[in-house]
Each structure stands twice: as structure tokens, then as C-alpha cells.
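Undergrad: My structure is stored as query32.cif, with mmCIF, C-alpha atoms.
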data_target
loop_
_atom_site.label_atom_id
_atom_site.label_comp_id
_atom_site.auth_asym_id
_atom_site.auth_seq_id
_atom_site.Cartn_x
_atom_site.Cartn_y
_atom_site.Cartn_z
CA MET D 1 -11.94 -69.82 28.80
CA LEU D 2 -14.50 -67.07 29.41
CA SER D 3 -16.43 -69.32 31.77
CA MET D 4 -13.27 -70.10 33.76
CA THR D 5 -12.47 -66.38 34.10
CA ARG D 6 -15.96 -65.65 35.40
CA ALA D 7 -15.64 -68.49 37.93
CA LEU D 8 -12.33 -67.14 39.24
CA LEU D 9 -13.79 -63.64 39.60
CA LEU D 10 -16.77 -65.04 41.49
CA LEU D 11 -14.52 -66.96 43.89
CA GLY D 12 -12.44 -63.84 44.49
CA ALA D 13 -15.52 -61.81 45.33
CA MET D 14 -16.71 -64.46 47.77
CA ALA D 15 -13.33 -64.39 49.56
CA LEU D 16 -13.45 -60.64 50.18
CA PRO D 17 -14.92 -59.62 53.59
CA ALA D 18 -18.25 -57.86 53.48
CA PRO D 19 -17.96 -54.11 54.24
CA GLY D 20 -20.28 -54.35 57.24
CA ALA D 21 -18.41 -57.29 58.77
CA ALA D 22 -15.07 -55.50 58.51
CA GLN D 23 -16.40 -52.62 60.64
CA THR D 24 -18.00 -54.75 63.37
CA THR D 25 -16.51 -54.22 66.84
CA PRO D 26 -16.57 -57.28 69.12
CA THR D 27 -18.98 -56.91 72.02
CA PRO D 28 -17.08 -56.78 75.33
CA SER D 29 -17.68 -59.67 77.70
CA ALA D 30 -20.06 -59.03 80.56
CA ILE D 31 -19.04 -58.50 84.16
CA THR D 32 -19.33 -61.78 86.08
CA ARG D 33 -20.09 -62.17 89.78
CA THR D 34 -19.72 -65.34 91.85
CA VAL D 35 -20.93 -65.43 95.46
CA ILE D 36 -18.31 -67.33 97.46
CA ALA D 37 -20.16 -67.38 100.79
CA ALA D 38 -23.10 -65.50 102.28
CA THR D 39 -25.28 -65.19 105.37
CA THR D 40 -27.89 -62.90 106.91
CA LEU D 41 -27.43 -60.89 110.10
CA PRO D 42 -30.58 -60.02 112.11
CA ILE D 43 -28.94 -57.18 114.09
CA VAL D 44 -26.08 -54.87 113.09
CA VAL D 45 -26.69 -51.90 115.40
CA ASP D 46 -25.96 -53.37 118.84
CA ALA D 47 -22.38 -52.07 118.65
CA PRO D 48 -20.26 -50.13 116.16
CA LEU D 49 -18.91 -52.49 113.49
CA HIS D 50 -15.67 -52.48 111.53
CA PHE D 51 -14.21 -54.34 108.56
CA LYS D 52 -10.95 -56.17 109.08
CA ALA D 53 -8.92 -58.35 106.69
CA VAL D 54 -5.96 -60.63 107.39
CA SER D 55 -3.85 -63.10 105.42
CA VAL D 56 -2.83 -66.45 106.92
CA ILE D 57 -0.31 -69.10 105.91
CA LEU D 58 -0.39 -72.62 107.31
CA GLN D 59 2.33 -75.12 106.49
CA PRO D 60 1.20 -78.56 105.22
CA GLY D 61 -0.69 -80.37 107.98
CA GLU D 62 -0.43 -77.43 110.39
CA LYS D 63 -3.46 -76.66 112.56
CA SER D 64 -5.11 -73.49 113.82
CA SER D 65 -8.57 -72.25 114.80
CA VAL D 66 -10.65 -69.09 114.72
CA SER D 67 -13.66 -67.84 116.68
CA GLU D 68 -13.29 -64.05 116.70
CA ALA D 69 -16.34 -62.70 114.87
CA ASP D 70 -18.55 -63.05 111.80
CA GLY D 71 -16.19 -63.63 108.92
CA ILE D 72 -15.54 -65.37 105.61
CA LEU D 73 -12.48 -67.39 104.62
CA TYR D 74 -11.19 -67.29 101.03
CA GLN D 75 -8.63 -69.83 99.86
CA MET D 76 -5.90 -68.19 97.76
CA SER D 77 -3.67 -71.23 97.22
CA GLY D 78 -3.23 -74.72 98.59
CA SER D 79 -6.12 -76.15 100.61
CA THR D 80 -7.56 -75.93 104.13
CA GLU D 81 -9.79 -78.40 105.93
CA VAL D 82 -12.42 -76.52 107.95
CA PHE D 83 -14.21 -78.34 110.76
CA LEU D 84 -17.28 -76.36 111.88
CA ASP D 85 -20.59 -77.35 113.49
CA GLY D 86 -19.70 -81.04 113.25
CA GLU D 87 -19.04 -80.87 109.50
CA THR D 88 -15.77 -80.96 107.59
CA LYS D 89 -15.24 -79.09 104.33
CA MET D 90 -12.03 -78.90 102.31
CA LEU D 91 -11.48 -75.45 100.84
CA ASN D 92 -9.58 -75.44 97.55
CA THR D 93 -8.29 -72.41 95.65
CA GLY D 94 -11.11 -69.95 94.98
CA GLU D 95 -13.51 -71.42 97.56
CA GLY D 96 -14.70 -69.92 100.85
CA ARG D 97 -16.60 -70.53 104.07
CA PHE D 98 -18.60 -68.35 106.44
CA VAL D 99 -17.75 -68.62 110.16
CA ALA D 100 -20.36 -67.13 112.49
CA ASN D 101 -19.60 -65.04 115.55
CA GLY D 102 -19.15 -67.28 118.59
CA LYS D 103 -18.51 -70.42 116.53
CA THR D 104 -15.09 -72.06 116.57
CA ALA D 105 -13.71 -73.35 113.28
CA ALA D 106 -10.79 -75.79 113.42
CA LEU D 107 -8.43 -75.31 110.48
CA THR D 108 -5.94 -77.85 109.09
CA ALA D 109 -3.74 -77.15 106.08
CA GLY D 110 -3.83 -79.70 103.29
CA THR D 111 -0.80 -81.79 102.43
CA GLY D 112 1.73 -81.11 99.71
CA ALA D 113 1.83 -77.31 99.78
CA PRO D 114 1.32 -74.43 102.23
CA SER D 115 -2.22 -73.16 102.67
CA THR D 116 -2.63 -69.44 102.02
CA PHE D 117 -5.99 -67.83 102.67
CA LEU D 118 -7.63 -64.50 103.39
CA HIS D 119 -10.02 -63.93 106.27
CA PHE D 120 -12.48 -61.03 106.13
CA PHE D 121 -14.14 -60.04 109.41
CA LEU D 122 -17.12 -57.94 110.45
CA VAL D 123 -16.12 -57.15 114.02
CA SER D 124 -17.19 -54.88 116.84
CA ALA D 125 -14.94 -52.02 117.89
CA ALA D 126 -14.32 -53.75 121.23
CA ASP D 127 -12.97 -56.87 119.49
CA LEU D 128 -11.11 -55.16 116.66
CA GLY D 129 -7.70 -55.69 118.26
CA ARG D 130 -8.16 -59.32 119.22
CA PRO D 131 -5.97 -61.92 117.49
CA ALA D 132 -7.48 -63.73 114.52
CA GLU D 133 -6.30 -67.31 113.88
CA THR D 134 -4.55 -68.99 116.80
CA PRO D 135 -0.81 -69.82 116.84
CA PRO D 136 1.25 -71.21 115.23
CA ALA D 137 -0.43 -69.64 112.19
CA PRO D 138 1.38 -66.45 111.11
CA VAL D 139 -1.28 -63.79 110.64
CA LYS D 140 -0.69 -60.55 108.73
CA GLU D 141 -3.27 -57.82 109.15
CA LEU D 142 -4.00 -56.24 105.79
CA TYR D 143 -6.66 -53.69 106.64
CA ARG D 144 -9.04 -52.39 109.28
CA THR D 145 -11.47 -49.51 109.08
CA VAL D 146 -10.47 -46.59 111.28
CA GLN D 147 -14.04 -45.46 111.87
CA PRO D 148 -17.09 -47.72 112.32
CA ILE D 149 -19.10 -48.56 109.20
CA PRO D 150 -21.56 -45.66 108.86
CA ASP D 151 -25.30 -45.60 108.20
CA LEU D 152 -26.16 -49.13 109.38
CA LYS D 153 -29.81 -49.22 110.43
CA PRO D 154 -32.10 -51.61 112.31
CA GLY D 155 -33.19 -54.58 110.24
CA ILE D 156 -31.76 -57.66 108.55
CA TYR D 157 -28.54 -57.30 106.56
CA GLU D 158 -26.84 -59.59 104.08
CA LEU D 159 -23.13 -60.31 104.47
CA ASN D 160 -21.34 -61.91 101.55
CA LEU D 161 -18.03 -62.37 99.79
CA THR D 162 -18.32 -62.10 96.02
CA ARG D 163 -15.69 -62.59 93.34
CA VAL D 164 -16.11 -60.07 90.51
CA THR D 165 -14.44 -60.14 87.07
CA PHE D 166 -14.25 -57.12 84.76
CA PRO D 167 -13.20 -58.01 81.19
CA ALA D 168 -10.15 -56.36 79.66
CA GLN D 169 -10.48 -52.80 78.34
CA MET D 170 -13.83 -52.21 80.06
CA PRO D 171 -14.68 -48.49 80.42
CA SER D 172 -15.56 -47.18 83.86
CA ASN D 173 -19.11 -47.89 84.97
CA PRO D 174 -21.51 -45.04 85.87
CA PRO D 175 -21.12 -43.29 89.25
CA HIS D 176 -22.67 -45.32 92.07
CA HIS D 177 -22.48 -45.96 95.80
CA ARG D 178 -23.10 -48.86 98.18
CA SER D 179 -26.37 -49.50 99.95
CA GLY D 180 -24.25 -50.65 102.90
CA ALA D 181 -20.45 -50.89 102.64
CA ALA D 182 -17.79 -53.05 101.00
CA LEU D 183 -14.10 -53.89 101.28
CA TYR D 184 -12.40 -54.83 97.99
CA PHE D 185 -9.29 -56.99 97.53
CA ILE D 186 -7.81 -57.13 94.04
CA ILE D 187 -6.62 -60.61 93.11
CA SER D 188 -5.31 -59.92 89.60
CA GLY D 189 -5.42 -57.34 86.83
CA THR D 190 -5.46 -53.56 86.96
CA GLY D 191 -8.43 -51.53 88.19
CA ALA D 192 -9.19 -47.86 87.54
CA ASN D 193 -10.91 -46.47 90.63
CA THR D 194 -12.44 -42.99 90.26
CA VAL D 195 -13.49 -40.92 93.29
CA ASP D 196 -14.24 -37.18 93.18
CA GLY D 197 -13.05 -37.00 89.58
CA LYS D 198 -9.63 -38.46 90.44
CA THR D 199 -8.71 -41.86 88.98
CA GLU D 200 -6.16 -44.12 90.66
CA THR D 201 -4.68 -47.38 89.40
CA ARG D 202 -5.24 -50.35 91.70
CA GLY D 203 -3.19 -53.51 91.29
CA PRO D 204 -3.05 -56.97 92.88
CA GLY D 205 -3.09 -56.91 96.67
CA SER D 206 -4.80 -53.51 96.88
CA LEU D 207 -7.58 -53.10 99.44
CA ILE D 208 -10.23 -50.42 98.88
CA TYR D 209 -12.92 -49.49 101.39
CA GLU D 210 -16.24 -48.20 100.10
CA PRO D 211 -18.59 -46.81 102.79
CA HIS D 212 -22.21 -46.01 102.06
CA THR D 213 -21.70 -42.38 101.05
CA LEU D 214 -18.72 -42.85 98.70
CA VAL D 215 -19.68 -42.13 95.08
CA HIS D 216 -17.22 -43.90 92.82
CA GLN D 217 -16.59 -45.73 89.54
CA TRP D 218 -14.63 -48.82 88.47
CA GLY D 219 -13.15 -49.73 85.11
CA ASN D 220 -10.48 -51.99 83.68
CA PRO D 221 -7.98 -50.22 81.39
CA GLY D 222 -5.69 -53.27 81.27
CA ASN D 223 -5.33 -56.03 78.71
CA GLU D 224 -6.13 -58.76 81.22
CA PRO D 225 -9.33 -59.38 83.22
CA LEU D 226 -9.64 -57.53 86.52
CA VAL D 227 -10.55 -59.97 89.30
CA PHE D 228 -11.37 -58.78 92.81
CA LEU D 229 -13.20 -59.85 95.95
CA ALA D 230 -15.96 -57.73 97.49
CA PHE D 231 -16.67 -58.29 101.19
CA ASN D 232 -20.05 -56.63 101.27
CA ILE D 233 -22.77 -55.78 103.77
CA ASN D 234 -26.12 -54.46 102.55
CA PRO D 235 -29.76 -54.33 103.73
CA GLU D 236 -31.66 -57.50 102.89
CA GLY D 237 -33.60 -57.16 99.66
CA VAL D 238 -31.72 -54.01 98.61
CA ALA D 239 -29.19 -54.06 95.79
CA ALA D 240 -25.61 -53.84 97.01
CA VAL D 241 -24.84 -51.13 94.42
CA LEU D 242 -27.07 -48.09 93.87
CA SER D 243 -26.74 -45.83 90.84
CA VAL D 244 -26.45 -42.09 91.31
CA ALA D 245 -28.87 -39.65 89.69
CA PRO D 246 -27.21 -36.84 87.65
CA ALA D 247 -27.97 -34.22 90.31
CA GLU D 248 -26.24 -36.38 92.94
CA LYS D 249 -23.00 -36.95 91.05
CA GLN D 250 -19.90 -35.74 92.83
#
Just give me the structure of the file as C-alpha cells.

TA:
Amino acid sequence: MLSMTRALLLLGAMALPAPGAAQTTPTPSAITRTVIAATTLPIVVDAPLHFKAVSVILQPGEKSSVSEADGILYQMSGSTEVFLDGETKMLNTGEGRFVANGKTAALTAGTGAPSTFLHFFLVSAADLGRPAETPPAPVKELYRTVQPIPDLKPGIYELNLTRVTFPAQMPSNPPHHRSGAALYFIISGTGANTVDGKTETRGPGSLIYEPHTLVHQWGNPGNEPLVFLAFNINPEGVAAVLSVAPAEKQ
């Protein structure tokens, strides 16, 4: 009987959580970045440049084309067949394609469902008002920079579209600024964007422009991942994001 009692006590002790384990806080997931499409630009100072973003919807099988400027397509839903430089690529949800200035891309919506995609442009001031995709595609302009992108210098630049995911409940990152400039589009989740000590909530569909000199922070106070696109231009070989020394903080 005594042996049985000791065995039961031992089993009970083994079932109790260790004090250290009970106090362990799960490590938050890391920020993930996926480059959707990218290219290099040898010259960015021939003319003032602007960011522009549009959304496009093509009905199943409907055709359009685009040849306005350097830009990157991002498929939001459905699918789009892109014929460019003699090659055909089908874009499915979450995929993208770079279209170079002067090149014409023929676009055909996939079958079964409408094709909805975003198109981000890097365009000269002279071409800023030109139409994007050709009719019959309905095009909705979402954003354009009022002033040219500042502080672009001679030399090679990288242009890319990157999908970024912040895990839920992630505190704001340290103050930083861009080495070039970026235009954000929030796909899902809730972002906390801090500029000059003021924090604003940014939800799906929000577009946020970050020029070179803007010191800012991003966090995710929500319970779901924050997913956004960054249409980014930065000098080749230089990190897109630069941290700010304490004396520089605004």
C-alpha cells in the first residue's frame, strides 16, 4: 500500500508543469519577405520620376495590353496570361511580372473567374497622366506621387516588388528610412505606422508613400498577420531600409 501511494505521488509530480516552462513566452515569428519581381535600372536621373499604382479587372478571356513605363504586375485574384518578349507566363494569385519601359505586354484574363491585379509604375512626370492598360479593361488609379521621387542620384538602382509579412502582435520596429523610396499597399491585417511620433492605423487597401527622408516605424498590433506589398527603388548594393542613429531620430 505504501509503495502504491509513493507511485501515485511520483506520477502527480511528473504531471505538474515545471516552474520555468510555465513562465516561458513564445518567441514571435520572424518577419518574412518574398521578392515578387525585380530588375535593375541603369539610369534614373534623365527625368523626374513618380510612383503610380492602379487596379485592373479583366473579365474571363478578356484581353488588354500595357506599354506605359517600367512597372510590375501583381495578381490579386484569378489569373492573367502575360505575353512578353515572345514568352507566355500565367500569373496566379500572389505572383507578379516586371514589364520594362517601351515593351508591350499582351494580357489575357484566365477562364472561370475575373482577373484582378495591381500594376505599380515608375513613370516620368511627362507620362504620369497617360492611360495604363488599354480598353476594354477598367482601370482605377489608386495613387500617384504629387512630387517627383526625391534624392535619386546617378548610378544603378534596383526596382522590386516585395511581399512582406509581419506576425501578429509584433511591436513597432526601430525608426528607419529608405535608401531610395517605396510605395506600400496593405493586402490584409492591420498596420501601425508611426511618423513624427504620431501612430496611425492602416488597413487593407491603404497605400503609404515613403520617400527617402521619411523617418518612420511599422508594427502589427492586430491578432492576424500584417501582409503588404512594397514597391521599392533603392541604389544597387545598398539596403532598402536604413536604421536611424539616436541623434537622427525625429

Undergrad: Neighbours of range 178-183 of chain D within 7 Å (all atoms listed in the file; same-chain residues fewer than 2 positions away dropped), as a count of residues only?

TA: 18

Undergrad: Using only C-alpha atoms - which residues lie no farther than 9 Å from the point (-3.1, -65.9, 106.2) in the file's frame? Write them as a PyMOL selection string.

TA: chain D and resi 54-58+115-119+133+137-141

Undergrad: Calculate how many Å separate CA of Gln169 in chain D from CA of Val244 in chain D, rounding to one decimal.

TA: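 CA of Val244 in chain D lies at a distance of 23.2 Å from CA of Gln169 in chain D.
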
Undergrad: Closest to Asn92 in chain D among D:Thr199, D:Ser79, D:Thr104, D:Thr145, using all atoms listed in the file?

TA: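 Closest residue, counting all atoms listed in the file: D:Ser79.
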
Undergrad: With the PyMOL selection byres ((chain D and resi 197) around 12) as the selection, what would be picked from this file? Answer as a count of residues only, please.

TA: 16

Undergrad: Please write as a ChimeraX atom specification the full residue list that the PyMOL selection byres ((chain D and resi 101) around 12) yields on this file.

TA: /D:39,41,66-72,98-100,102-105,121-124,127

Undergrad: To verify the selection step, state as a PyMOL selection string which residues the PyMOL selection byres ((chain D and resi 226) around 9) yields on this input.

TA: chain D and resi 164-168+186-191+203+219-220+222+224-225+227-228

Undergrad: To one decimal in Å, tell me the separation between CA of Ile43 in chain D and CA of Val238 in chain D.

TA: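 Result for CA of Ile43 in chain D versus CA of Val238 in chain D: 16.0 Å, one decimal.
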
Undergrad: Tell me which of D:Ala126, D:Lys52, D:Gln59, D:Leu161 sits closest to Gly94 in chain D, counting only C-alpha atoms.

TA: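 Checking each candidate against Gly94 in chain D, we get D:Leu161 as the closest.
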